[in-house]
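Source file protein_14.tsv; content: TSV, C-alpha atoms.
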chain	number	residue	atom	x	y	z
P	9	MET	CA	-4.93	-118.14	76.50
P	10	ASP	CA	-2.07	-119.88	78.32
P	11	LYS	CA	-2.24	-121.56	81.72
P	12	ASN	CA	-0.97	-118.50	83.58
P	13	GLU	CA	-3.51	-116.20	81.93
P	14	LEU	CA	-6.26	-118.71	82.70
P	15	SER	CA	-5.20	-118.77	86.33
P	16	LEU	CA	-5.40	-114.96	86.49
P	17	LEU	CA	-8.82	-115.11	84.90
P	18	ALA	CA	-9.91	-117.72	87.48
P	19	GLU	CA	-8.83	-115.27	90.17
P	20	LEU	CA	-11.10	-112.61	88.67
P	21	ALA	CA	-13.94	-115.10	88.25
P	22	ALA	CA	-13.61	-116.38	91.80
P	23	ASN	CA	-14.16	-112.85	93.07
P	24	ASP	CA	-17.15	-112.38	90.80
P	25	GLY	CA	-20.57	-113.97	90.60
P	26	ALA	CA	-22.20	-116.59	88.41
P	27	PRO	CA	-21.52	-116.48	84.65
P	28	GLN	CA	-23.30	-113.63	82.90
P	29	ALA	CA	-23.32	-112.86	79.19
P	30	SER	CA	-25.39	-110.24	77.45
P	31	ILE	CA	-25.59	-108.47	74.15
P	32	LEU	CA	-24.31	-104.93	74.35
P	33	THR	CA	-26.98	-102.41	73.49
P	34	PRO	CA	-25.31	-99.42	71.85
P	35	ASP	CA	-25.89	-96.15	73.62
P	36	VAL	CA	-24.77	-93.61	71.06
P	37	ARG	CA	-24.73	-90.05	72.24
P	38	SER	CA	-23.60	-86.92	70.53
P	39	GLY	CA	-22.00	-84.05	72.30
P	40	SER	CA	-20.51	-80.69	71.72
P	41	SER	CA	-17.06	-80.86	70.16
P	42	PHE	CA	-14.34	-78.34	70.63
P	43	THR	CA	-10.73	-77.92	69.81
P	44	TYR	CA	-8.44	-76.46	72.43
P	45	SER	CA	-5.35	-74.38	72.71
P	46	GLY	CA	-3.32	-73.29	75.69
P	47	THR	CA	-2.42	-75.10	78.83
P	48	GLY	CA	-3.59	-75.01	82.41
P	49	THR	CA	-2.06	-74.58	85.80
P	50	ASP	CA	-1.79	-76.66	88.92
P	51	ILE	CA	-4.65	-74.66	90.42
P	52	VAL	CA	-6.94	-74.66	87.38
P	53	PRO	CA	-6.14	-77.60	85.11
P	54	ALA	CA	-6.78	-77.12	81.41
P	55	PHE	CA	-8.74	-80.36	81.28
P	56	LEU	CA	-10.91	-82.37	83.61
P	57	VAL	CA	-11.62	-86.05	83.21
P	58	VAL	CA	-14.73	-87.08	85.09
P	59	TRP	CA	-15.63	-90.68	85.77
P	60	PHE	CA	-19.30	-91.56	86.30
P	61	TYR	CA	-19.82	-94.87	88.03
P	62	THR	CA	-21.64	-96.77	90.72
P	63	VAL	CA	-20.68	-98.93	93.67
P	64	LYS	CA	-22.94	-101.72	94.87
P	65	PRO	CA	-24.83	-100.62	98.02
P	66	PRO	CA	-23.24	-103.23	100.36
P	67	LYS	CA	-19.79	-101.98	99.38
P	68	ARG	CA	-20.42	-98.26	99.75
P	69	ALA	CA	-19.30	-97.91	103.36
P	70	ASP	CA	-16.06	-99.69	102.54
P	71	PHE	CA	-15.70	-97.58	99.41
P	72	ALA	CA	-15.91	-94.38	101.47
P	73	LEU	CA	-13.13	-95.69	103.71
P	74	LYS	CA	-10.95	-96.58	100.72
P	75	VAL	CA	-11.50	-93.17	99.16
P	76	ASN	CA	-10.45	-91.53	102.39
P	77	ALA	CA	-7.43	-93.82	102.63
P	78	TYR	CA	-6.37	-92.88	99.10
P	79	GLU	CA	-6.95	-89.17	99.61
P	80	THR	CA	-4.83	-89.12	102.77
P	81	SER	CA	-2.20	-91.56	101.57
P	82	GLY	CA	0.30	-89.12	100.15
P	83	VAL	CA	0.43	-91.04	96.86
P	84	LEU	CA	-1.84	-88.73	94.88
P	85	PRO	CA	-0.41	-87.66	91.54
P	86	ALA	CA	0.62	-84.02	91.61
P	87	ALA	CA	3.04	-81.54	90.07
P	88	PRO	CA	5.18	-82.00	88.06
P	89	THR	CA	3.33	-84.99	86.60
P	90	GLY	CA	0.66	-82.81	85.00
P	91	ILE	CA	-2.12	-85.01	86.35
P	92	PHE	CA	-4.04	-84.19	89.48
P	93	TYR	CA	-6.58	-86.00	91.57
P	94	ARG	CA	-9.49	-83.61	92.14
P	95	GLY	CA	-11.60	-85.74	94.44
P	96	THR	CA	-14.27	-88.40	94.55
P	97	TYR	CA	-17.83	-87.28	95.12
P	98	SER	CA	-21.11	-88.93	96.04
P	99	VAL	CA	-23.92	-87.47	93.97
P	100	SER	CA	-26.95	-86.13	95.75
P	101	ILE	CA	-29.10	-85.27	92.72
P	102	SER	CA	-28.30	-85.98	89.09
P	103	ALA	CA	-30.84	-85.55	86.32
P	104	PRO	CA	-28.44	-86.50	83.47
P	105	ALA	CA	-26.97	-89.67	84.99
P	106	PRO	CA	-29.17	-90.88	87.87
P	107	ASP	CA	-27.81	-94.45	87.69
P	108	PHE	CA	-24.31	-93.35	88.64
P	109	GLU	CA	-23.95	-92.23	92.24
P	110	TYR	CA	-20.25	-91.40	92.20
P	111	ARG	CA	-17.86	-89.15	90.35
P	112	THR	CA	-14.10	-89.06	90.44
P	113	VAL	CA	-12.46	-86.02	88.92
P	114	TRP	CA	-8.95	-85.82	87.51
P	115	GLY	CA	-7.20	-82.70	86.27
P	116	LEU	CA	-4.78	-82.60	83.36
P	117	THR	CA	-2.50	-79.73	82.43
P	118	GLU	CA	-2.76	-80.72	78.77
P	119	LEU	CA	-4.72	-83.22	76.74
P	120	ALA	CA	-1.65	-85.36	76.08
P	121	LYS	CA	-1.59	-86.14	79.80
P	122	ILE	CA	-4.48	-88.54	79.20
P	123	GLN	CA	-1.78	-91.10	78.43
P	124	ASP	CA	-0.08	-90.41	81.77
P	125	LEU	CA	-3.42	-90.77	83.53
P	126	ASN	CA	-3.89	-94.10	81.78
P	127	ASP	CA	-0.45	-95.20	82.97
P	128	HIS	CA	-1.20	-94.02	86.49
P	129	ILE	CA	-4.39	-96.09	86.58
P	130	ARG	CA	-2.68	-99.07	85.01
P	131	ASN	CA	0.09	-99.00	87.62
P	132	ALA	CA	-2.17	-97.78	90.38
P	133	PRO	CA	-0.72	-97.51	93.88
P	134	ALA	CA	-2.29	-99.97	96.31
P	135	GLN	CA	-4.54	-97.32	97.86
P	136	LEU	CA	-6.00	-96.41	94.46
P	137	LYS	CA	-6.32	-100.04	93.43
P	138	ASP	CA	-8.32	-100.75	96.60
P	139	LEU	CA	-10.73	-98.04	95.54
P	140	LEU	CA	-10.94	-99.17	91.89
P	141	ASP	CA	-11.67	-102.74	92.95
P	142	LEU	CA	-14.91	-101.64	94.57
P	143	ILE	CA	-16.28	-99.85	91.51
P	144	SER	CA	-19.07	-101.86	89.95
P	145	PRO	CA	-18.33	-103.02	86.38
P	146	ARG	CA	-22.04	-102.80	85.60
P	147	PRO	CA	-23.44	-100.51	84.51
P	148	ALA	CA	-20.13	-99.74	82.87
P	149	MET	CA	-18.34	-96.57	83.92
P	150	ARG	CA	-18.80	-93.52	81.74
P	151	SER	CA	-16.45	-90.61	81.48
P	152	GLU	CA	-16.29	-87.08	80.21
P	153	ILE	CA	-13.36	-84.95	79.16
P	154	MET	CA	-13.80	-81.22	79.53
P	155	GLY	CA	-11.48	-78.43	78.50
P	156	ARG	CA	-11.46	-74.93	79.90
P	157	THR	CA	-13.87	-72.77	77.98
P	158	LYS	CA	-11.36	-69.93	77.67
P	159	ASN	CA	-9.12	-72.27	75.66
P	160	SER	CA	-11.86	-73.75	73.48
P	161	ALA	CA	-13.18	-73.13	69.99
P	162	PRO	CA	-16.14	-74.89	68.38
P	163	MET	CA	-15.05	-77.53	65.90
P	164	ILE	CA	-18.20	-77.13	63.81
P	165	SER	CA	-20.96	-74.53	63.34
P	166	ARG	CA	-18.59	-71.59	63.60
W	10	MET	CA	-36.56	-115.38	83.05
W	11	VAL	CA	-35.47	-118.85	84.15
W	12	SER	CA	-33.16	-120.61	81.72
W	13	ILE	CA	-33.28	-124.37	81.61
W	14	SER	CA	-30.14	-125.91	80.22
W	15	GLN	CA	-30.57	-128.22	77.24
W	16	LEU	CA	-26.96	-129.34	77.24
W	17	PHE	CA	-25.93	-132.85	78.15
W	18	PRO	CA	-22.74	-133.86	79.94
W	19	ASP	CA	-21.25	-135.74	76.99
W	20	GLU	CA	-21.78	-133.03	74.39
W	21	ARG	CA	-18.61	-131.35	73.19
W	22	LEU	CA	-18.47	-127.58	73.04
W	23	GLU	CA	-16.12	-125.38	71.09
W	24	ARG	CA	-15.66	-121.66	70.66
W	25	ARG	CA	-16.55	-120.12	67.31
W	26	ARG	CA	-13.37	-119.36	65.44
W	27	ASP	CA	-14.47	-116.05	63.97
W	28	LEU	CA	-14.92	-114.24	67.27
W	29	VAL	CA	-12.89	-111.18	68.14
W	30	ILE	CA	-12.22	-111.31	71.86
W	31	ARG	CA	-11.13	-108.16	73.68
W	32	PRO	CA	-10.32	-108.73	77.36
W	33	LEU	CA	-10.88	-105.77	79.69
W	34	PRO	CA	-9.54	-107.15	82.99
W	35	GLU	CA	-9.25	-103.62	84.41
W	36	ILE	CA	-13.04	-103.44	84.57
W	37	LYS	CA	-13.55	-107.17	85.05
W	38	MET	CA	-15.16	-107.70	81.71
W	39	CYS	CA	-14.55	-109.16	78.28
W	40	MET	CA	-16.12	-107.88	75.09
W	41	VAL	CA	-16.65	-110.25	72.20
W	42	TYR	CA	-17.47	-109.28	68.64
W	43	ARG	CA	-19.54	-111.98	67.01
W	44	PRO	CA	-20.13	-111.70	63.25
W	45	ARG	CA	-23.08	-113.05	61.26
W	46	PRO	CA	-25.24	-111.57	62.68
W	47	ALA	CA	-23.00	-108.90	64.10
W	48	ARG	CA	-23.30	-108.35	67.81
W	49	ILE	CA	-21.06	-107.26	70.64
W	50	VAL	CA	-21.45	-109.42	73.70
W	51	THR	CA	-20.19	-108.55	77.17
W	52	LEU	CA	-19.06	-111.29	79.51
W	53	ASN	CA	-18.30	-111.15	83.19
W	54	PRO	CA	-15.12	-112.99	84.31
W	55	SER	CA	-16.96	-116.25	85.03
W	56	SER	CA	-18.61	-116.34	81.62
W	57	TRP	CA	-15.35	-115.25	79.96
W	58	MET	CA	-13.58	-118.14	81.66
W	59	LEU	CA	-16.19	-120.61	80.39
W	60	LEU	CA	-15.68	-119.26	76.87
W	61	GLU	CA	-11.93	-119.74	77.15
W	62	ILE	CA	-12.16	-123.36	78.25
W	63	CYS	CA	-14.64	-124.41	75.57
W	64	ASN	CA	-12.04	-126.08	73.39
W	65	GLY	CA	-13.86	-129.19	72.24
W	66	SER	CA	-14.11	-130.74	75.68
W	67	THR	CA	-17.36	-132.24	76.89
W	68	VAL	CA	-19.76	-130.30	79.10
W	69	ALA	CA	-18.77	-132.54	82.00
W	70	GLU	CA	-15.07	-131.90	81.42
W	71	ILE	CA	-15.61	-128.16	81.14
W	72	GLU	CA	-17.54	-128.17	84.40
W	73	LYS	CA	-14.75	-130.10	86.07
W	74	VAL	CA	-12.01	-127.74	84.86
W	75	TYR	CA	-14.07	-124.67	85.74
W	76	ALA	CA	-14.93	-125.97	89.22
W	77	ALA	CA	-11.30	-126.95	89.89
W	78	MET	CA	-9.93	-123.57	88.83
W	79	ILE	CA	-12.55	-121.50	90.63
W	80	GLY	CA	-12.36	-123.80	93.65
W	81	GLY	CA	-8.60	-123.34	93.68
W	82	LYS	CA	-9.21	-119.63	94.15
W	83	GLY	CA	-11.60	-120.13	97.04
W	84	ARG	CA	-15.08	-120.10	95.52
W	85	ALA	CA	-17.35	-123.07	94.98
W	86	ALA	CA	-18.85	-123.20	91.49
W	87	GLY	CA	-22.53	-124.15	91.32
W	88	THR	CA	-23.31	-126.79	88.69
W	89	ASP	CA	-26.52	-125.01	87.72
W	90	ASP	CA	-24.63	-121.76	87.26
W	91	VAL	CA	-22.11	-123.44	84.96
W	92	HIS	CA	-24.86	-125.15	82.93
W	93	GLN	CA	-26.75	-121.91	82.55
W	94	GLY	CA	-23.54	-120.07	81.72
W	95	LEU	CA	-22.72	-122.53	78.96
W	96	GLN	CA	-26.28	-122.50	77.66
W	97	SER	CA	-26.16	-118.73	77.54
W	98	LEU	CA	-22.97	-118.86	75.45
W	99	VAL	CA	-24.65	-121.36	73.11
W	100	ASP	CA	-27.77	-119.16	72.86
W	101	LEU	CA	-25.59	-116.18	71.96
W	102	SER	CA	-23.77	-118.28	69.34
W	103	LEU	CA	-20.36	-117.78	70.92
W	104	ILE	CA	-19.87	-121.52	71.35
W	105	ARG	CA	-21.47	-124.45	69.58
W	106	VAL	CA	-22.02	-128.10	70.14
W	107	CYS	CA	-19.41	-129.74	67.95
W	108	GLU	CA	-20.40	-133.34	68.53
W	109	LYS	CA	-23.86	-134.65	69.18
W	110	ARG	CA	-24.13	-137.07	72.02
W	111	ALA	CA	-24.54	-140.71	71.08
W	112	LYS	CA	-28.10	-141.93	70.86
W	113	ALA	CA	-29.16	-144.15	73.73
Could you spell out this file's structure in structure tokens?
Amino acid sequence: MDKNELSLLAELAANDGAPQASILTPDVRSGSSFTYSGTGTDIVPAFLVVWFYTVKPPKRADFALKVNAYETSGVLPAAPTGIFYRGTYSVSISAPAPDFEYRTVWGLTELAKIQDLNDHIRNAPAQLKDLLDLISPRPAMRSEIMGRTKNSAPMISR
Amino acid sequence: MVSISQLFPDERLERRRDLVIRPLPEIKMCMVYRPRPARIVTLNPSSWMLLEICNGSTVAEIEKVYAAMIGGKGRAAGTDDVHQGLQSLVDLSLIRVCEKRAKA
């Protein structure tokens, strides 16, 4: 790591807490697997990417403001990019993932657009970056990718 | 659990050479694969920084570099935090003492 990279890391560390290191405990889960065909529309995207995450309680009021700022900023991805912001939600009741109080939903017109979503996050506009900065890194964010059922076929157990 | 550091200021610490380090700055984390025995360890930015500056310097030197760099970004680094952070990296076998301190 060169001096510049170390300086960037110091920036991250300065905005974080005391040193913490822990062994990762694998959380292996199986899920239904499908293959997909067809594409979606602007109204009903073929795929949804859902982020599950939490925000530390003292930051939640600020997070709500940042979400609103992003959603009203006019910088949301939209047609013809093929990726769509579908909103950020605070979860009232969740039996499957009670540790994660927030969801952000993205729509994709086709699965290949996952790369464009990655690029959008990587080069996030300031309003989105403000929002991402408040997401807690622990417990680590989880995500799901869902395809429209009408386009899906089971990969196994046909 | 309270960790009491067993490191001394004049002990030299170095990173294991067989680690696979995968920075994830987007989520403010670094993942480290440590072989023999195989484990994946997650580090927050402060711990990741300590790992990066363990290059054979003494504990005292590492503390000084860490405090200067963090201080330069506007946060004071607690000595106890740094000691415990280093001890944690030793306990997880990510760094090792490469030179025993001289006997008194």
message: Rounded to one decimal, what separation in Å do you get between CA of Leu116 (chain P) and CA of Ile129 (chain P)?
response: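 Those two atoms sit 13.9 Å apart.
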field: Separation of CA of Glu35 (chain W) from CA of Val50 (chain W), in Å and rounded to one decimal
entry: 17.2 Å
message: Counting all atoms listed in the file, I want the residues whose atoms come within 12 Å of (-26.4, -109.1, 65.7) in the file frame, returned as a list in words.
response: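 Residues lying no farther than 12 Å from the given point: Ser30, Ile31, Leu32, Thr33 and Pro34 of chain P; Val41, Tyr42, Arg43, Pro44, Arg45, Pro46, Ala47, Arg48, Ile49, Val50, Leu101, Ser102 and Leu103 of chain W.
Take CA of Lys158 (chain P) and CA of Asn126 (chain P): the distance between them is 25.6 Å.
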- request: Give me, as a count of residues only, the contact residues of chain P against chain W at a cut-off of 10 Å, counting only C-alpha atoms.
  value: 33
message: Neighbouring residues of region 110-114 of chain P were defined as those with any atom within 8 Å, considering only C-alpha atoms; residues of the same chain fewer than 3 positions away were excluded. Please report them as a VMD selection string.
response: chain P and resid 56 to 63 91 to 99
task: Quick one: everything within 7 Å of region 21-28 of chain W, counting all atoms listed in the file, minus sequence neighbours fewer than 6 positions away in the same chain. Send it as a VMD selection string.
output: chain W and resid 41 to 43 60 63 to 68 103 to 108
